[in-house]
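Undergrad: Here you go, one structure.
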Amino acid sequence: MFVFTLRRLLLAIPTLLVISLVIYLLVDFAPGSPMSEIPLTVPPEVRQKMIAALGADQPVLVRYLLWLRQFFWVEPAYLIDGWFGTHLAGDEQRILSWQSRSPVFTIIGQRIPQTLTVVGTAYLVGALIAIPIGIYSAYRQYSWFDQLGTLFAMIGFSVPTFFTGTLFIIIFAVELGWFPTKYDTMLNVTDWSSFLTQLRQMTLPVMTLGLANAAAISRYMRSSMLDNLGQDYVRTARAKGEPERTVVLKHVLRNSLIPVVTVIALGIPSIFGGAIITENLFGVNGIGAALILAIHASDLPMVQTLTFIFAALIVLFNLIADILYGLLDPRIRYD
Amino acid sequence: MTDTRAAATRPDKPDSQLRAIWQQFRTHTGAVVGLTILAILVILVLIGPFAWNPGKPSVLEALKSKNLGPSLRHPLGTDQIGRDLLTRMIQAGKVSLAVGFVAMAISILFGTTIGILAGYFRRLDGPLMRLTDVFLALPLIPLLLVLMMLFRDKVAALTGPELGVFLLIVMAIGVTSWMQTARIVRGEVLALKEREYVLAARSIGTPPRRLILRHILPNVVSPVMVAATLGIADAIITESVLSFLGLGFPPDFPTWGRLLFDGVEYMQLYPVRVIWPGLAISLTVLSVNYIGDGLRDALDPRIRGR
């Protein structure tokens, strides 16, 4: 297991390098130069100096290697400095956003809590709704509940989040007026009433994302339960005289959760992709919204860093899912 | 295909493979309803421009007919600059569906080619599968957004805004969605390669190209068909996501996603402008997914036999 983990970790490095190179080169082709916003009245030699100040005049490969160094060495060093008060980073140049001239990671650090509260809750809610639905659908296969669950799942992953989101806004915010249409990022949760406000403004985005997640997870849960319900050990447990409740909720459920847990782990990075839409729709000031903002402003360092973080999340959670699977299922041995 | 061979000895059995598949497909209610809805949508979009053509309004007319509700003259109402919403829905549907089908075709072409090459030629297997892994690890939506931002204007300058954006979106979606197909096809080819009939064909000196095209390709058609169906749904959703985030088609060349994007601004006053395009996308994707479901059952000989 340890050897397997080590080997997968080592394999992840070239994958990440290739992806970072692809992303860097792709974004570097952008016609939106950092200087396209500068008025034409600025004399050419000054313009040249400004480009040089941003480091945009060096060859692509040099800039790529510098960016890698910043990403993997300088930024973690700053992070550790921030935590322990050390001086690892010294005065190294950080990755700067071209929009605000502040470090990209500071912006991401400010925005990540927003994304995590909304997206994280949505994923949790989705999984918590999906697992009971999946269990009962499988236990009563082809019953009306199962049929309804199937329809719900089909609708859940066919109707795109931007439409469910707008529908929810129209129904629950505009017509009924129960929830606000926009998410207020400035809200500080200090007391009971502000907590309730926070809960109310989170409801619609969480519902939107949660529905999409629940649909997929409930399907996996159902088919995994069905696989296990037909196994011999279930018959043995029943023959032993175990109550039905124990058989289903203990013996079958534990085994059925193994693949579902890995599927949930695999889905986490893709949630960040889906969150881009939801964040934009509801005005949640998270990293998805930051990406769209950066794209529209041709803020290349921001776009590169965010896209690469998304890619790294995918690689990381693939790894976690593989390891989890090996840990949870004693039949899986990677040696 | 081998569908003309009749099984004359069993009169109750369907006499061709295609008919057997169709009969199994027909038992899947969801799939039949889905196919009907998709067919209706395609027909509406194709004959729509001939059946419903209110003509270009004059400037004065357009000014007067801003933000109208549904009426006989404008069954779905008009938008903020007096354009008939039904006409725009039909136009948009044509583009949305075209994007879905063409992007699917590109992705299937890539996926099948790579899958067959990786499965058949052992030397290519490693590199091609690593390539697939890298593509699977790419964050698609952010990457597509970046692609659109970078190349939209460049391609538009080459081929004109409409065709340019269409080609770019279709290529971008196709190039980033072939991985699943490639993996499925590779798996199938790896299994088929070991079968006796392939060995027999090879033993009489069939060259690899013929072996692939005549003996292996026809046998991977079923999984590819299912992947293709689901690919249409994915492509339509991806395109509408791009349009919805304002990085897809221009407003005068709408798709359903773009109409939804335009409607969101007015959603509080005129919610129908969001609901119609959203409903169209959802219905299309839902029916395509159901068709895929039915096709998967119908093409699986283990299920079909029962």
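Note on naming: chains are A, B, ... as they come in the structure tokens, residues start from 1 per chain, ligands start from 1 in the order shown.
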Go through chain B and flag each residue having an atom no more than 6 Å from chain A; for those, report the closest pair of atoms plus their distance in Å to one decimal, using only C-alpha atoms, ordered by chain and rising number, as a tab-separated table.

TA:
```
residue	atom	partner	partner_atom	distance
B:Ala137	CA	A:Ile314	CA	5.7
B:Leu138	CA	A:Ala311	CA	5.4
B:Pro139	CA	A:Ala311	CA	5.3
B:Leu150	CA	A:Ala30	CA	4.8
B:Gly278	CA	A:Phe163	CA	5.6
B:Ser282	CA	A:Val159	CA	4.8
B:Val285	CA	A:Ser158	CA	5.5
B:Leu286	CA	A:Ser158	CA	5.1
```

Undergrad: Find the residues near region 120-123 of chain A: any atom within 9 Å, counting only C-alpha atoms, skip ones fewer than 3 places away on the same chain, and give them as JSON, numbers by chain.

TA: {"A": [115, 116, 117, 126, 127, 128, 202, 205, 206, 207, 208, 209, 210, 211, 213, 214, 264, 268, 271]}

Undergrad: Which residue, B:Leu190, B:Ser222, B:Leu260, B:Gly231, has the smallest gap to Leu18 (chain B) when you use only C-alpha atoms?

TA: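 Using only C-alpha atoms, Leu18 (chain B) sits closest to B:Ser222.
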
Undergrad: Work out how far CA of Ile291 (chain B) is from CA of Val32 (chain B), in Å to one decimal.

TA: 7.2 Å

Undergrad: Report, in Å to a single decimal, how far apart CA of Val288 (chain B) and CA of Pro271 (chain B) are.

TA: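 A separation of 25.9 Å between them.
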
Undergrad: Excluding region 252-257 of chain A and any residue of its chain fewer than 4 positions from it, enumerate the residues within 8 Å of it, using only C-alpha atoms, and give them as a PyMOL selection string.

TA: chain A and resi 135+221+224-225+227-229+234+247-248+261

Undergrad: Which residues come within 6 Å of region 96-103 of chain A, counting only C-alpha atoms, excluding same-chain residues fewer than 4 positions away, as a ChimeraX atom specification?

TA: /A:299,301-302

Undergrad: Extract, using only C-alpha atoms, all DNA, RNA and protein residues at most 8 Å from Arg183 (chain B), discarding same-chain residues fewer than 3 positions from it, and format them as a list in words.

TA: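 So, after excluding close chain neighbours, the residues are Gly111, Gly115, Met179, Gln180, Arg186 and Gly187 of chain B.
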
Undergrad: Tell me which protein, DNA and RNA residues are within 12 Å of Gly164 (chain B), counting only C-alpha atoms, leaving out same-chain ones fewer than 3 positions away, and put them as a list in words.

TA: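 Neighbouring residues, sequence-local ones excluded: Met148, Phe151, Arg152, Asp153, Lys154, Val155, Ala156, Ala157, Leu158, Thr159, Gly160, Pro161, Leu167, Leu168, Ile169, Val170, Met171, Ala172, Gly248, Phe249, Pro250 and Phe253 of chain B.
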
Undergrad: Would you return as a ChimeraX atom specification the members of region 91-127 of chain A that DSSP assigns to helix (DSSP H, G or I) on this structure's backbone?

TA: /A:104-127

Undergrad: Which residues are near region 279-281 of chain B? Cut-off 12 Å, only C-alpha atoms, ignore same chain within fewer than 4 positions. Put them as a PyMOL selection string.

TA: (chain A and resi 155+158-164+166-167) or (chain B and resi 37-38+40-42+44-45+86+89-90+92-97+100+232-241+255-260+272-275+285-288)

Undergrad: Using only C-alpha atoms, which residue out of B:Gln24, B:Leu35, B:Asp79, B:Val198 lies closest to Glu265 (chain B)?

TA: B:Asp79

Undergrad: Have a look at CA of Thr246 (chain A) and CA of Phe152 (chain A) and let me know their distance in Å, one decimal.

TA: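 So the answer is 27.8 Å.
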